[in-house]
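**Student:** The following block contains the structure, expressed as structure tokens.
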There are 2 protein chains.
Amino acid sequence: MRKYYLRDSDITESSVAILLNRIDDNNQDVVSTVKQIIEDVKVRGDYALRDYTEKFDNVSLSDFKVTESEIKSAYNQMDSDFIDVLLEAKKNITEFHKHQIQNTWTKEFSPGVVLGQKVTPIPRVGLYVPGGKGGYPSTVLMDAIPALVAGVNSIALITPPAADGSINPYILAAAYIAGISEIYKVGGAQGIAALAYGTDSIKAVNKIVGPGNVYVATAKKLVFGKVDIDMIAGPSEICIIADKSSNASFIASDMLSQAEHDEMATSILISTDESLVERVTKQLQSQMQSLSRKDLISKSLESNALLCIVDTLENAIDLSNLIAPEHLEIMVEKPFDQLDKIINAGAIFLGNYSPEPVGDYFAGPNHTLPTSGTAKFSSPLGVYDFVKKSSIISYQKESLEIIKDKVMHFAEIEGFDAHANAIRRRFNHES
Amino acid sequence: MRKYYLRDSDITESSVAILLNRIDDNNQDVVSTVKQIIEDVKVRGDYALRDYTEKFDNVSLSDFKVTESEIKSAYNQMDSDFIDVLLEAKKNITEFHKHQIQNTWTKEFSPGVVLGQKVTPIPRVGLYVPGGKGGYPSTVLMDAIPALVAGVNSIALITPPAADGSINPYILAAAYIAGISEIYKVGGAQGIAALAYGTDSIKAVNKIVGPGNVYVATAKKLVFGKVDIDMIAGPSEICIIADKSSNASFIASDMLSQAEHDEMATSILISTDESLVERVTKQLQSQMQSLSRKDLISKSLESNALLCIVDTLENAIDLSNLIAPEHLEIMVEKPFDQLDKIINAGAIFLGNYSPEPVGDYFAGPNHTLPTSGTAKFSSPLGVYDFVKKSSIISYQKESLEIIKDKVMHFAEIEGFDAHANAIRRRFNHES
């Protein structure tokens, strides 16, 4: 855990780069392994999937598709309280994401000139859900629901099998509740390759979303272009802006919840109050003791936690904007007053009673968020990721005639006389 | 020029793949050259830019920035008619793109639960404009205006210099009219590297948009992740759906306008009427004779034009959806009746008097469109490419209390007890 006193002049892009040391990960060994896997799946299809599943997941499968009865039996073994939690989470996530729906529009911009934008769901989408300890039902809901709200009507979910050929029942139950029934027992780079290029078992998709390990992330990056991808997720991050009004116990608990993700997870506190930082440090030590992932948390805090003391709230916000954190908690006296000044953040949690976990599972906004500073240019996963637009252009003869000389002039300036010809022909059939 | 009679059963993804033979271009020589250039610019900054500019553009520059007087003098040498054309195009493009503006919203979803989405312009954006014969004023307007409408307040335009160190005056005049004043004389992979990583002369950006040659496209793909990119543009394409009501002369002129772009440009006609296809073929031959790029057009049509005769209009539309063309012209009797059925297309031109060039220059919608079938999952360049969203989450103590057990249940199911702890702490300060 490192502690810094940062003055106004320290708050620069280069000092943030040094403080955070976010990795520009391009491990060439991983890249070449993944390239080989992708090529192999392109050529050998299901045979390659079978071989890699045997190699990496230690199970020999004759059929990758999860059966309807497997899904139902997973659902039936859930306790009914948890089913209720999933149903309420689904409702909240659906309601929030409905606000992201965009509609097709057309408008007559001038007489005879109709322009517009057609919004169409992406035809077919693949969802990747990690297996093992990273296999979470919340991931299923957060990836599937925006696609369903967008109107995507063909969705394939892939997730690696356990060594006995089974799939985590929580994943299947969440898929059942979300309404996803096309599920395959395949993971890793081979799963991404199957989604991108298709095999006999798995029809190719147009876009792949979802988190995964470095092999999955590298495979997504390599198939980008053939299909679209959501984003390359880095380690999870929280940044908390706090002043003297903030509660040290709450702050510490939120930093700990971030740290339990993995060793690379980053918890950052930016405060104008040095004594608060001291209290948070103590709370971190005391609260940690009773947590089951204590060792992991301790390592994660040791390597990646950052305590920054700054002079003013403006400095705190400037620093946070340079960090562009995945999760930002604003725990100052009037948090909504700061909202306008937040330029870069994946999700913004306001006030003392909006801890990150409420967003991870339940509130409604997506938990798939831009990491590693990519909040400077990218957005939470949303309905907008599952639709695409087409421009609509319609002129009547009379309306084209009015502007024809201008369009031809522009085309001729650029040296495109066949473009000018296409306009001229409309008014000079004989030529 | 190939002609096919396609029956219903021929209209499949795999036959389209064979018919079009779109290239999955990953030339490893280009990739390794570009990787070296990017590394070099990362390490040596402006010194590397200077060396590559000397090597590739044959000019030794001491300063990359275009001066205000260079911009003004380019503007002043334009004839006033063309200035008027640029101004009217700017007005149309701006008005259309204003319809893509999205606003920040918040809503109280239940008592004490405020959720929402903050829409923020990307802080800094780089526009790439090709030089030489690919350096078009229309590209400047189409790339810059959506960024400006989105509210991006830091925009750098880069474009390669001529051997005398000058920049195409049309590009500078269009930039002046759009309102872009930060312009650098640097192109190629080295220019993309400078935008992504920054040098002493050029401050790094968060997103890079704009077309370019294979080196530029490869560099964009390699820096993706560090910065965002718009898309990797492939060869330009048009697909025309026509029935017996269509005008062969118009269709041919539109195919020719596509073919004059370059040898790789693809013109496709899908018609239910074989005699129309014959007439179009004759028109192509006769109209071609008077066009200045006749040789290029002839090569392009020879290699890439495709004439498809199908049984029904439904077949034509299914085929077009599988092709997912960059430009789609619907020249049938009631074109608007077909709009709902169009799933995949970059821009849709309806009727006989909506030729593609009107969209390339003037109508308002963007001319930067998804190519190579990527219209299945991506959109025209738009205001949405220059903003990003942040989720907003705010709970009051009482509203969090109502759901706290459910959130903790979810966290515990996923094995995250520090997440549960962060909720519990809010209601149990002593613990």
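Following the order of the structure tokens, chains are lettered A, B, ..., residues in each are numbered from 1, and ligands are numbered from 1.
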List every residue of region 172-396 of chain A that DSSP, applied to the backbone of this structure, places in strand (DSSP E), and write the result as an MDAnalysis selection string.

**Tutor:** chainID A and resid 183:185 207:209 228:229 237:242 266:271 306:310 327:331 347:350 387:395

**Student:** What residues in chain B have any atom no more than 6 Å from chain A when counting only C-alpha atoms, and can you write them as an MDAnalysis selection string?

**Tutor:** chainID B and resid 85 122 253:254 257 345:350 353:354 357 377:379 388:397 406 418:419 422

**Student:** One decimal, Å: what's the distance from CA of Ser271 (chain A) over to CA of Asn153 (chain B), could you say?

**Tutor:**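 Between these atoms lies a distance of 29.0 Å.
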